[in-house]
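Content type PDB, C-alpha atoms and all ligand atoms, from the file entry-v2.pdb:
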```pdb
MODEL        1
ATOM      1  CA  MET A  16     -53.378 -13.222 -17.525
ATOM      2  CA  ASN A  17     -55.078  -9.850 -17.271
ATOM      3  CA  ASP A  18     -53.776  -6.560 -18.648
ATOM      4  CA  MET A  19     -51.977  -5.527 -15.483
ATOM      5  CA  ALA A  20     -50.006  -8.771 -15.341
ATOM      6  CA  ALA A  21     -49.090  -8.299 -18.991
ATOM      7  CA  ALA A  22     -47.598  -4.919 -18.109
ATOM      8  CA  VAL A  23     -45.107  -6.568 -15.778
ATOM      9  CA  PRO A  24     -44.386  -9.976 -17.294
ATOM     10  CA  LEU A  25     -44.298 -12.900 -14.904
ATOM     11  CA  SER A  26     -41.580 -14.450 -16.995
ATOM     12  CA  ASP A  27     -39.316 -11.718 -15.790
ATOM     13  CA  PRO A  28     -35.703 -12.508 -16.667
ATOM     14  CA  ILE A  29     -34.505 -11.823 -13.112
ATOM     15  CA  GLN A  30     -32.809 -14.861 -11.659
ATOM     16  CA  ALA A  31     -33.314 -15.954  -8.079
ATOM     17  CA  ASP A  32     -29.657 -15.553  -7.125
ATOM     18  CA  GLU A  33     -29.616 -12.056  -8.583
ATOM     19  CA  LEU A  34     -32.696 -11.203  -6.556
ATOM     20  CA  ALA A  35     -31.089 -12.489  -3.420
ATOM     21  CA  GLN A  36     -28.172 -10.186  -4.024
ATOM     22  CA  ALA A  37     -30.461  -7.306  -4.869
ATOM     23  CA  GLY A  38     -31.927  -7.118  -1.446
ATOM     24  CA  SER A  39     -34.230 -10.020  -0.712
ATOM     25  CA  GLY A  40     -31.944 -11.070   2.116
ATOM     26  CA  PRO A  41     -32.954 -11.731   5.692
ATOM     27  CA  ALA A  42     -35.207  -9.260   7.450
ATOM     28  CA  GLY A  43     -33.310  -6.503   9.126
ATOM     29  CA  GLN A  44     -30.635  -6.146   6.461
ATOM     30  CA  SER A  45     -30.754  -2.647   5.129
ATOM     31  CA  GLU A  46     -27.668  -1.855   3.122
ATOM     32  CA  VAL A  47     -28.321   1.008   0.770
ATOM     33  CA  THR A  48     -28.683   0.093  -2.865
ATOM     34  CA  ALA A  49     -27.762   3.059  -5.031
ATOM     35  CA  PRO A  50     -30.197   4.034  -7.820
ATOM     36  CA  GLY A  51     -28.708   3.202 -11.188
ATOM     37  CA  SER A  52     -26.811   0.187  -9.852
ATOM     38  CA  ARG A  53     -27.647  -3.342 -10.934
ATOM     39  CA  ARG A  54     -28.751  -4.166  -7.399
ATOM     40  CA  PHE A  55     -31.161  -1.264  -7.363
ATOM     41  CA  GLU A  56     -32.505  -2.168 -10.778
ATOM     42  CA  LEU A  57     -33.204  -5.721  -9.626
ATOM     43  CA  LEU A  58     -34.807  -4.590  -6.401
ATOM     44  CA  GLN A  59     -37.060  -2.150  -8.219
ATOM     45  CA  LYS A  60     -37.956  -4.719 -10.855
ATOM     46  CA  ASN A  61     -38.826  -7.256  -8.200
ATOM     47  CA  ILE A  62     -41.112  -4.857  -6.330
ATOM     48  CA  ARG A  63     -42.819  -3.846  -9.558
ATOM     49  CA  ARG A  64     -43.171  -7.454 -10.711
ATOM     50  CA  LEU A  65     -44.684  -8.621  -7.416
ATOM     51  CA  THR A  66     -47.022  -5.642  -7.267
ATOM     52  CA  GLY A  67     -48.199  -6.237 -10.835
ATOM     53  CA  ARG A  68     -48.698  -9.868 -10.020
ATOM     54  CA  ALA A  69     -50.753  -9.213  -6.869
ATOM     55  CA  ILE A  70     -52.878  -6.670  -8.740
ATOM     56  CA  ALA A  71     -53.502  -9.254 -11.446
ATOM     57  CA  ASP A  72     -54.095 -12.178  -9.093
ATOM     58  CA  PHE A  73     -56.741 -10.313  -7.129
ATOM     59  CA  ASP A  74     -58.176  -8.221  -9.965
ATOM     60  CA  MET A  75     -57.393  -5.078  -7.981
ATOM     61  CA  ILE A  76     -57.421  -2.477 -10.758
ATOM     62  CA  ARG A  77     -59.647  -2.192 -13.780
ATOM     63  CA  ASP A  78     -59.930   0.199 -16.658
ATOM     64  CA  GLY A  79     -61.352   3.535 -15.498
ATOM     65  CA  ASP A  80     -60.611   3.035 -11.807
ATOM     66  CA  VAL A  81     -59.799   6.027  -9.634
ATOM     67  CA  ILE A  82     -57.305   4.852  -7.020
ATOM     68  CA  MET A  83     -57.053   6.774  -3.795
ATOM     69  CA  ALA A  84     -53.512   6.032  -2.578
ATOM     70  CA  CYS A  85     -53.410   6.503   1.191
ATOM     71  CA  MET A  86     -50.156   8.194   2.139
ATOM     72  CA  SER A  87     -48.962   8.132   5.732
ATOM     73  CA  GLY A  88     -45.474   9.301   4.828
ATOM     74  CA  GLY A  89     -43.967   5.928   5.745
ATOM     75  CA  ALA A  90     -41.750   3.827   3.473
ATOM     76  CA  ASP A  91     -44.645   1.538   2.551
ATOM     77  CA  SER A  92     -46.903   4.290   1.281
ATOM     78  CA  TYR A  93     -44.153   5.977  -0.772
ATOM     79  CA  THR A  94     -43.181   2.643  -2.326
ATOM     80  CA  MET A  95     -46.795   1.891  -3.151
ATOM     81  CA  LEU A  96     -47.372   5.272  -4.787
ATOM     82  CA  ASP A  97     -44.125   5.088  -6.727
ATOM     83  CA  THR A  98     -44.913   1.582  -7.979
ATOM     84  CA  LEU A  99     -48.522   2.359  -8.860
ATOM     85  CA  ARG A 100     -47.361   5.364 -10.851
ATOM     86  CA  TYR A 101     -44.901   3.209 -12.743
ATOM     87  CA  LEU A 102     -47.598   0.635 -13.517
ATOM     88  CA  GLN A 103     -49.921   3.429 -14.569
ATOM     89  CA  SER A 104     -47.324   4.516 -17.123
ATOM     90  CA  VAL A 105     -46.878   1.056 -18.676
ATOM     91  CA  ALA A 106     -50.177  -0.798 -18.231
ATOM     92  CA  PRO A 107     -52.708  -0.880 -21.034
ATOM     93  CA  VAL A 108     -55.333  -0.400 -18.319
ATOM     94  CA  LYS A 109     -56.097   3.287 -17.781
ATOM     95  CA  PHE A 110     -56.585   4.403 -14.210
ATOM     96  CA  GLU A 111     -56.205   7.556 -12.179
ATOM     97  CA  ILE A 112     -54.288   8.009  -8.925
ATOM     98  CA  ILE A 113     -55.057  10.547  -6.205
ATOM     99  CA  ALA A 114     -52.645  10.617  -3.275
ATOM    100  CA  VAL A 115     -54.365  11.382   0.021
ATOM    101  CA  ASN A 116     -52.764  12.173   3.336
ATOM    102  CA  LEU A 117     -54.731  12.478   6.539
ATOM    103  CA  ASP A 118     -53.048  15.010   8.807
ATOM    104  CA  GLN A 119     -54.198  13.800  12.210
ATOM    105  CA  LYS A 120     -52.706  16.786  13.989
ATOM    106  CA  GLN A 121     -50.066  14.861  15.864
ATOM    107  CA  PRO A 122     -47.640  17.224  17.575
ATOM    108  CA  GLY A 123     -44.641  17.903  15.391
ATOM    109  CA  PHE A 124     -46.175  16.474  12.187
ATOM    110  CA  PRO A 125     -44.151  18.054   9.373
ATOM    111  CA  GLU A 126     -47.129  19.053   7.270
ATOM    112  CA  HIS A 127     -45.102  20.497   4.387
ATOM    113  CA  ILE A 128     -43.289  17.261   3.468
ATOM    114  CA  LEU A 129     -45.987  15.344   1.648
ATOM    115  CA  PRO A 130     -47.465  18.295  -0.317
ATOM    116  CA  GLU A 131     -43.943  19.216  -1.462
ATOM    117  CA  TYR A 132     -43.279  15.641  -2.546
ATOM    118  CA  PHE A 133     -46.599  15.372  -4.387
ATOM    119  CA  GLU A 134     -45.933  18.666  -6.170
ATOM    120  CA  ARG A 135     -42.440  17.538  -7.112
ATOM    121  CA  ILE A 136     -43.555  14.262  -8.693
ATOM    122  CA  GLY A 137     -46.680  15.828 -10.204
ATOM    123  CA  VAL A 138     -49.378  13.610  -8.730
ATOM    124  CA  ARG A 139     -52.886  14.802  -7.980
ATOM    125  CA  TYR A 140     -53.351  14.955  -4.206
ATOM    126  CA  ARG A 141     -55.524  15.961  -1.298
ATOM    127  CA  ILE A 142     -54.447  16.719   2.274
ATOM    128  CA  VAL A 143     -57.233  16.128   4.780
ATOM    129  CA  GLU A 144     -56.898  17.767   8.198
ATOM    130  CA  GLU A 145     -58.775  16.176  11.095
ATOM    131  CA  ASP A 146     -57.673  16.320  14.704
ATOM    132  CA  THR A 147     -58.106  12.662  15.616
ATOM    133  CA  TYR A 148     -55.061  12.980  17.878
ATOM    134  CA  SER A 149     -57.004  15.033  20.449
ATOM    135  CA  ILE A 150     -59.959  12.642  20.341
ATOM    136  CA  VAL A 151     -57.707   9.636  20.934
ATOM    137  CA  LYS A 152     -55.819  11.344  23.761
ATOM    138  CA  ASP A 153     -59.115  12.305  25.349
ATOM    139  CA  LYS A 154     -60.630   8.839  25.197
ATOM    140  CA  ILE A 155     -57.694   6.513  25.917
ATOM    141  CA  ALA A 156     -55.993   6.378  29.308
ATOM    142  CA  PRO A 157     -52.325   7.442  29.318
ATOM    143  CA  GLY A 158     -49.909   4.569  28.727
ATOM    144  CA  LYS A 159     -52.481   2.458  26.835
ATOM    145  CA  THR A 160     -52.152   1.575  23.149
ATOM    146  CA  THR A 161     -54.106   4.084  21.133
ATOM    147  CA  CYS A 162     -53.800   2.506  17.700
ATOM    148  CA  SER A 163     -57.104   0.729  17.506
ATOM    149  CA  LEU A 164     -59.282   3.830  18.118
ATOM    150  CA  CYS A 165     -56.927   5.948  16.001
ATOM    151  CA  SER A 166     -57.166   3.496  13.089
ATOM    152  CA  ARG A 167     -60.954   3.290  13.377
ATOM    153  CA  LEU A 168     -61.267   7.072  13.204
ATOM    154  CA  ARG A 169     -58.799   7.240  10.325
ATOM    155  CA  ARG A 170     -60.666   4.569   8.394
ATOM    156  CA  GLY A 171     -63.983   6.378   8.731
ATOM    157  CA  ILE A 172     -62.456   9.633   7.464
ATOM    158  CA  LEU A 173     -60.684   7.965   4.548
ATOM    159  CA  TYR A 174     -63.865   6.178   3.471
ATOM    160  CA  ARG A 175     -65.703   9.491   3.481
ATOM    161  CA  VAL A 176     -62.936  11.203   1.499
ATOM    162  CA  ALA A 177     -62.895   8.384  -1.053
ATOM    163  CA  LYS A 178     -66.556   9.015  -1.759
ATOM    164  CA  GLU A 179     -65.998  12.770  -2.016
ATOM    165  CA  LEU A 180     -63.204  12.216  -4.532
ATOM    166  CA  GLY A 181     -65.165   9.662  -6.545
ATOM    167  CA  ALA A 182     -62.465   7.055  -5.870
ATOM    168  CA  THR A 183     -63.387   3.520  -6.875
ATOM    169  CA  LYS A 184     -60.574   1.862  -4.879
ATOM    170  CA  ILE A 185     -58.707   2.769  -1.696
ATOM    171  CA  ALA A 186     -55.088   1.578  -1.855
ATOM    172  CA  LEU A 187     -53.215   0.844   1.361
ATOM    173  CA  GLY A 188     -49.488   0.177   1.682
ATOM    174  CA  HIS A 189     -49.672  -3.027   3.738
ATOM    175  CA  HIS A 190     -47.125  -5.601   2.611
ATOM    176  CA  ARG A 191     -46.431  -9.319   2.913
ATOM    177  CA  ASP A 192     -45.024  -9.045   6.427
ATOM    178  CA  ASP A 193     -48.062  -7.099   7.680
ATOM    179  CA  ILE A 194     -50.243  -9.870   6.272
ATOM    180  CA  LEU A 195     -48.175 -12.553   8.003
ATOM    181  CA  HIS A 196     -48.094 -10.710  11.344
ATOM    182  CA  THR A 197     -51.851 -10.209  11.260
ATOM    183  CA  PHE A 198     -52.418 -13.849  10.346
ATOM    184  CA  MET A 199     -50.383 -14.969  13.356
ATOM    185  CA  LEU A 200     -51.963 -12.432  15.708
ATOM    186  CA  ASN A 201     -55.407 -13.681  14.762
ATOM    187  CA  MET A 202     -54.363 -17.274  15.190
ATOM    188  CA  PHE A 203     -52.485 -16.887  18.478
ATOM    189  CA  TYR A 204     -54.645 -14.281  20.190
ATOM    190  CA  GLY A 205     -57.942 -14.133  18.277
ATOM    191  CA  GLY A 206     -58.801 -17.785  17.692
ATOM    192  CA  LYS A 207     -59.308 -17.142  13.982
ATOM    193  CA  ILE A 208     -57.669 -18.017  10.697
ATOM    194  CA  LYS A 209     -57.874 -14.546   9.230
ATOM    195  CA  THR A 210     -55.600 -11.813   7.916
ATOM    196  CA  MET A 211     -55.518  -8.603   5.875
ATOM    197  CA  PRO A 212     -56.762  -9.658   2.444
ATOM    198  CA  PRO A 213     -55.252  -8.107  -0.682
ATOM    199  CA  LYS A 214     -58.723  -6.856  -1.635
ATOM    200  CA  LEU A 215     -61.868  -6.437   0.411
ATOM    201  CA  ILE A 216     -65.135  -4.608   0.754
ATOM    202  CA  ALA A 217     -64.648  -2.006   3.484
ATOM    203  CA  ASP A 218     -66.639  -1.968   6.724
ATOM    204  CA  ASP A 219     -68.988   0.657   5.308
ATOM    205  CA  GLY A 220     -70.044  -1.862   2.647
ATOM    206  CA  GLU A 221     -69.359   0.627  -0.144
ATOM    207  CA  ASN A 222     -65.636   1.178  -0.601
ATOM    208  CA  VAL A 223     -63.230  -1.375  -2.032
ATOM    209  CA  VAL A 224     -59.840  -1.541  -0.312
ATOM    210  CA  ILE A 225     -56.806  -2.916  -2.137
ATOM    211  CA  ARG A 226     -53.285  -3.761  -0.948
ATOM    212  CA  PRO A 227     -51.063  -3.716  -4.049
ATOM    213  CA  LEU A 228     -47.899  -4.520  -2.025
ATOM    214  CA  ALA A 229     -49.419  -7.734  -0.626
ATOM    215  CA  TYR A 230     -46.605  -9.887  -2.102
ATOM    216  CA  VAL A 231     -43.721  -7.527  -1.324
ATOM    217  CA  ARG A 232     -41.385  -8.119   1.616
ATOM    218  CA  GLU A 233     -40.921  -5.383   4.172
ATOM    219  CA  PRO A 234     -37.082  -5.443   4.074
ATOM    220  CA  ASP A 235     -37.200  -4.833   0.315
ATOM    221  CA  ILE A 236     -39.555  -1.895   0.798
ATOM    222  CA  LYS A 237     -37.212  -0.410   3.392
ATOM    223  CA  LYS A 238     -34.223  -0.791   1.094
ATOM    224  CA  TYR A 239     -36.114   0.702  -1.815
ATOM    225  CA  ALA A 240     -37.339   3.658   0.246
ATOM    226  CA  ALA A 241     -33.804   4.317   1.494
ATOM    227  CA  ALA A 242     -32.370   4.115  -2.012
ATOM    228  CA  MET A 243     -35.054   6.420  -3.405
ATOM    229  CA  GLN A 244     -34.517   8.829  -0.499
ATOM    230  CA  PHE A 245     -38.222   9.207   0.052
ATOM    231  CA  PRO A 246     -38.846  11.940   2.653
ATOM    232  CA  ILE A 247     -40.032   9.575   5.384
ATOM    233  CA  ILE A 248     -42.176  10.957   8.168
ATOM    234  CA  PRO A 249     -41.544   9.084  11.431
ATOM    235  CA  CYS A 250     -44.514   7.110  12.716
ATOM    236  CA  ASN A 251     -43.940   7.692  16.419
ATOM    237  CA  LEU A 252     -45.166  11.274  16.620
ATOM    238  CA  CYS A 253     -48.345  10.247  18.395
ATOM    239  CA  GLY A 254     -46.374   8.772  21.305
ATOM    240  CA  SER A 255     -48.465   5.583  21.258
ATOM    241  CA  GLN A 256     -47.065   2.566  23.049
ATOM    242  CA  PRO A 257     -46.049  -0.148  20.588
ATOM    243  CA  ASN A 258     -48.421  -3.083  20.265
ATOM    244  CA  LEU A 259     -46.422  -5.706  22.125
ATOM    245  CA  GLN A 260     -48.258  -8.656  20.623
ATOM    246  CA  ARG A 261     -47.588  -7.453  17.084
ATOM    247  CA  GLN A 262     -44.007  -6.763  18.055
ATOM    248  CA  ALA A 263     -43.669 -10.332  19.326
ATOM    249  CA  MET A 264     -44.972 -11.684  16.000
ATOM    250  CA  ARG A 265     -42.535  -9.481  14.127
ATOM    251  CA  GLU A 266     -39.584 -10.725  16.180
ATOM    252  CA  MET A 267     -40.612 -14.352  15.783
ATOM    253  CA  LEU A 268     -40.952 -14.039  12.006
ATOM    254  CA  ASN A 269     -37.665 -12.149  11.730
ATOM    255  CA  GLU A 270     -36.009 -15.000  13.565
ATOM    256  CA  TRP A 271     -37.606 -17.586  11.265
ATOM    257  CA  GLU A 272     -36.597 -15.545   8.235
ATOM    258  CA  LYS A 273     -32.986 -16.025   9.325
ATOM    259  CA  THR A 274     -33.178 -19.645  10.420
ATOM    260  CA  ASN A 275     -36.021 -21.161   8.373
ATOM    261  CA  PRO A 276     -37.025 -18.851   5.530
ATOM    262  CA  LEU A 277     -38.974 -21.657   3.903
ATOM    263  CA  TRP A 278     -41.438 -21.601   6.819
ATOM    264  CA  ILE A 279     -42.344 -18.021   5.964
ATOM    265  CA  LYS A 280     -42.772 -18.752   2.286
ATOM    266  CA  SER A 281     -44.815 -21.845   3.033
ATOM    267  CA  MET A 282     -47.015 -19.989   5.506
ATOM    268  CA  PHE A 283     -47.674 -17.257   2.971
ATOM    269  CA  THR A 284     -48.476 -19.826   0.299
ATOM    270  CA  ALA A 285     -50.769 -21.652   2.735
ATOM    271  CA  MET A 286     -52.987 -18.593   3.064
ATOM    272  CA  GLY A 287     -53.934 -18.992  -0.588
ATOM    273  CA  ASN A 288     -54.210 -22.738  -0.451
ATOM    274  CA  ILE A 289     -56.897 -23.644   2.061
ATOM    275  CA  ALA A 290     -58.657 -27.013   2.179
ATOM    276  CA  PRO A 291     -61.942 -26.399   4.079
ATOM    277  CA  SER A 292     -62.652 -30.139   4.261
ATOM    278  CA  HIS A 293     -59.370 -30.528   6.150
ATOM    279  CA  MET A 294     -60.064 -27.891   8.747
ATOM    280  CA  LEU A 295     -62.554 -27.728  11.613
ATOM    281  CA  ASP A 296     -64.853 -24.959  10.451
ATOM    282  CA  ARG A 297     -68.338 -26.409  10.072
ATOM    283  CA  SER A 298     -69.580 -23.255   8.379
ATOM    284  CA  LEU A 299     -67.150 -23.792   5.487
ATOM    285  CA  PHE A 300     -67.616 -27.500   4.987
ATOM    286  CA  ASP A 301     -70.690 -29.621   5.508
ATOM    287  CA  PHE A 302     -69.391 -32.461   7.658
ATOM    288  CA  THR A 303     -72.956 -33.678   8.285
ATOM    289  CA  HIS A 304     -74.266 -34.336   4.802
ATOM    290  CA  PHE A 305     -71.362 -35.523   2.719
ATOM    291  CA  THR A 306     -71.497 -39.021   1.335
ATOM    292  CA  PRO A 307     -68.615 -41.335   0.431
ATOM    293  CA  GLY A 308     -67.802 -41.729  -3.246
ATOM    294  CA  PRO A 309     -64.867 -41.867  -5.629
ATOM    295  CA  GLY A 310     -63.106 -38.617  -6.512
ATOM    296  CA  LYS A 311     -64.971 -36.640  -3.852
ATOM    297  CA  GLU A 312     -61.956 -35.032  -2.332
ATOM    298  CA  ALA A 313     -58.961 -33.976  -4.355
ATOM    299  CA  SER A 314     -56.520 -33.949  -1.458
ATOM    300  CA  GLY A 315     -57.860 -37.217  -0.093
ATOM    301  CA  ASP A 316     -56.815 -38.146   3.410
ATOM    302  CA  THR A 317     -53.132 -37.461   2.912
ATOM    303  CA  LEU A 318     -51.615 -35.111   5.435
ATOM    304  CA  PHE A 319     -48.230 -34.542   6.930
ATOM    305  CA  ASP A 320     -48.273 -37.560   9.164
ATOM    306  CA  ARG A 321     -45.797 -37.990  11.921
ATOM    307  CA  ASP A 322     -43.082 -39.656   9.876
ATOM    308  CA  ASP A 323     -43.706 -37.961   6.521
ATOM    309  CA  LYS A 324     -40.694 -36.334   4.920
ATOM    310  CA  VAL A 325     -41.403 -33.041   3.232
ATOM    311  CA  GLU A 326     -38.937 -31.951   0.638
ATOM    312  CA  ASP A 327     -37.856 -28.346   0.987
ATOM    313  CA  GLY A 328     -40.129 -26.134  -1.068
ATOM    314  CA  GLN A 329     -42.155 -29.136  -2.263
ATOM    315  CA  SER A 330     -45.332 -27.160  -2.825
ATOM    316  CA  VAL A 331     -44.386 -23.625  -1.980
ATOM    317  CA  ILE A 332     -45.042 -20.946  -4.537
ATOM    318  CA  ASN A 333     -41.754 -19.156  -4.825
ATOM    319  CA  LEU A 334     -42.970 -15.614  -5.106
ATOM    320  CA  LEU A 335     -39.756 -14.023  -4.074
TER
HETATM  321  S1  LIG A 401     -49.030   4.656  15.877
HETATM  322 FE1  LIG A 401     -50.117   6.539  16.473
HETATM  323  S2  LIG A 401     -50.826   7.391  14.513
HETATM  324 FE2  LIG A 401     -50.290   5.250  14.150
HETATM  325  S3  LIG A 401     -52.221   4.147  14.432
HETATM  326 FE3  LIG A 401     -51.161   4.105  16.380
HETATM  327  S4  LIG A 401     -51.987   5.836  17.495
HETATM  328 FE4  LIG A 401     -52.479   6.153  15.347
ENDMDL
END
```
Could you rewrite the structure in this file as structure tokens?
Ligand code: SF4
Amino acid sequence: MNDMAAAVPLSDPIQADELAQAGSGPAGQSEVTAPGSRRFELLQKNIRRLTGRAIADFDMIRDGDVIMACMSGGADSYTMLDTLRYLQSVAPVKFEIIAVNLDQKQPGFPEHILPEYFERIGVRYRIVEEDTYSIVKDKIAPGKTTCSLCSRLRRGILYRVAKELGATKIALGHHRDDILHTFMLNMFYGGKIKTMPPKLIADDGENVVIRPLAYVREPDIKKYAAAMQFPIIPCNLCGSQPNLQRQAMREMLNEWEKTNPLWIKSMFTAMGNIAPSHMLDRSLFDFTHFTPGPGKEASGDTLFDRDDKVEDGQSVINLL
């Protein structure tokens, strides 16, 4: 276990039934959990534990790192910053956090909210002003989804700012549900088994992007943000049409979360449990040159055959 995992012990005394009560219920539930209550304490502990665990599992933060925490003003980014600051206060690993908001000049963007919040909590910050809104409106026909160009522009700016600030890692607030939605979008529409990884080398080949909330469920983030009364900035100021494919994935997973929550857990576990020899990707496994021999393949030729019975949760890592 590395230092960050030690800061938030995996043998956390929280019990599963307590966690369920604390807010890990089905997606869409959003009852407010008052700070100071047992439910809030459990919810907060769970988010911190899962964040510490993801950071440890993927070696996201090392001694001396400068973390640029990207702040959109949404619940995810506030929860990430809040949790990183907690871990910073308890981890033996020393790292710095700089909160960065990119003001994209969307009409009605309340530009005072984030600076006031940063001042109040005492975090170092930078507000970057770049009018990507006008560029996007100019280039994309009305009524079309503008997110992909907008995100590309935003990424380029954030990578540049990270270098200016001397940041060694760029932290994004994507969570478990974003990872699942992206996985399914790629599979259903992109013909790829691919998602948002918890840690990656950015497109520019120089920056390292991390997603500390990779194990945290979106409903828990929403509950936490509501309980903490973070000053949320709405994400619809740009007037972009919603991405209908992503929306369809979200609705499907929300439905499964209610009817078959084990599917979601198993799917998430599966992303970290890939058997290249049991897939069809010839670039990952050499199907031409392998030779028969004992002990060659740990998982052998066992699969879920037509009449196999799979016990509930048989091999699913119960992260939540
Ligand atoms: S919702 Fe608006 S601000 Fe967000 S990525 Fe899409 S176009 Fe950009």
Can you spell out as a tab-separated table (two decimals) with C-alpha atoms, in the coordinates of the input the set of residues that the PyMOL selection byres (((chain A and resi 232) around 7) and not hetatm) selects in the structure I just provided?
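Printed below is part15.tsv as written:
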```tsv
chain	number	residue	atom	x	y	z
A	190	HIS	CA	-47.12	-5.60	2.61
A	191	ARG	CA	-46.43	-9.32	2.91
A	192	ASP	CA	-45.02	-9.04	6.43
A	230	TYR	CA	-46.60	-9.89	-2.10
A	231	VAL	CA	-43.72	-7.53	-1.32
A	233	GLU	CA	-40.92	-5.38	4.17
A	234	PRO	CA	-37.08	-5.44	4.07
A	235	ASP	CA	-37.20	-4.83	0.32
A	236	ILE	CA	-39.56	-1.90	0.80
```
(request) Please write out the residues within 12 Å of ligand LIG 401 (chain A) as a PyMOL selection string, counting only C-alpha atoms and all ligand atoms. (result) chain A and resi 87-89+117-122+124+146-152+154-155+157-170+248-258
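Note that CA of Asn288 in chain A and CA of Pro307 in chain A are 23.5 Å apart.
If you look at CA of Arg68 in chain A and CA of Gly287 in chain A, they are 14.1 Å away from each other.
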Taking the file as I've supplied it (selection: the PyMOL selection byres (((chain A and resi 173-181) around 8) and not hetatm)), which residues are included? Please answer as a CSV table (one decimal) with C-alpha atoms, in the frame of the given file.
```csv
chain,number,residue,atom,x,y,z
A,81,VAL,CA,-59.8,6.0,-9.6
A,83,MET,CA,-57.1,6.8,-3.8
A,117,LEU,CA,-54.7,12.5,6.5
A,169,ARG,CA,-58.8,7.2,10.3
A,170,ARG,CA,-60.7,4.6,8.4
A,171,GLY,CA,-64.0,6.4,8.7
A,172,ILE,CA,-62.5,9.6,7.5
A,182,ALA,CA,-62.5,7.1,-5.9
A,183,THR,CA,-63.4,3.5,-6.9
A,184,LYS,CA,-60.6,1.9,-4.9
A,185,ILE,CA,-58.7,2.8,-1.7
A,219,ASP,CA,-69.0,0.7,5.3
A,222,ASN,CA,-65.6,1.2,-0.6
```
(request) Provide the CA of Pro246 in chain A to CA of Ala90 in chain A distance in Å, to one decimal place. (result)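 Calculated distance between CA of Pro246 in chain A and CA of Ala90 in chain A is 8.7 Å.
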(request) Run the PyMOL selection byres (((chain A and resi 265-267) around 12) and not hetatm) on the file and write out the hits as a ChimeraX atom specification. (result) /A:42-43,191-200,233,257-264,268-276,278-279
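Among the candidates A:Ala242, A:Leu295, A:Leu277, A:Val115, the residue lying nearest to Tyr140 in chain A is A:Val115 (atoms considered: only C-alpha atoms).
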Axis-aligned box for range 153-162 of chain A, 3 Å per side, centre and edges in Å as AutoDock Vina command-line options:
```
--center_x -55.3 --center_y 6.9 --center_z 23.5 --size_x 16.7 --size_y 16.7 --size_z 17.6
```
(request) Between A:Ile62, A:Ala285, A:Ile136, A:Met294, single out the one closest to Thr94 in chain A, counting only C-alpha atoms. (result) A:Ile62
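Each of A:Ile208, A:Ala106, A:Met95, A:Ile128 was checked against Asp296 in chain A using all atoms listed in the file; the smallest atom-to-atom distance is that of A:Ile208.
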(request) Between A:Phe305, A:Phe110, A:Tyr239, A:Tyr204, single out the one closest to Gly79 in chain A, counting only C-alpha atoms. (result)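 Of the candidates, the smallest distance to Gly79 in chain A is held by A:Phe110.
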(request) Show which residues sit within 7 Å of Asn116 in chain A, as a list of chain:residue names. Count all atoms listed in the file, and ignore same-chain residues fewer than 5 positions away. (result) A:Cys85, A:Met86, A:Ser87, A:Arg141, A:Ile142, A:Val143
(message) Here is a test: counting only C-alpha atoms, which residue of A:Lys109, A:Arg77, A:Lys60, A:Arg135 is nearest to Phe245 in chain A?
(response) A:Arg135
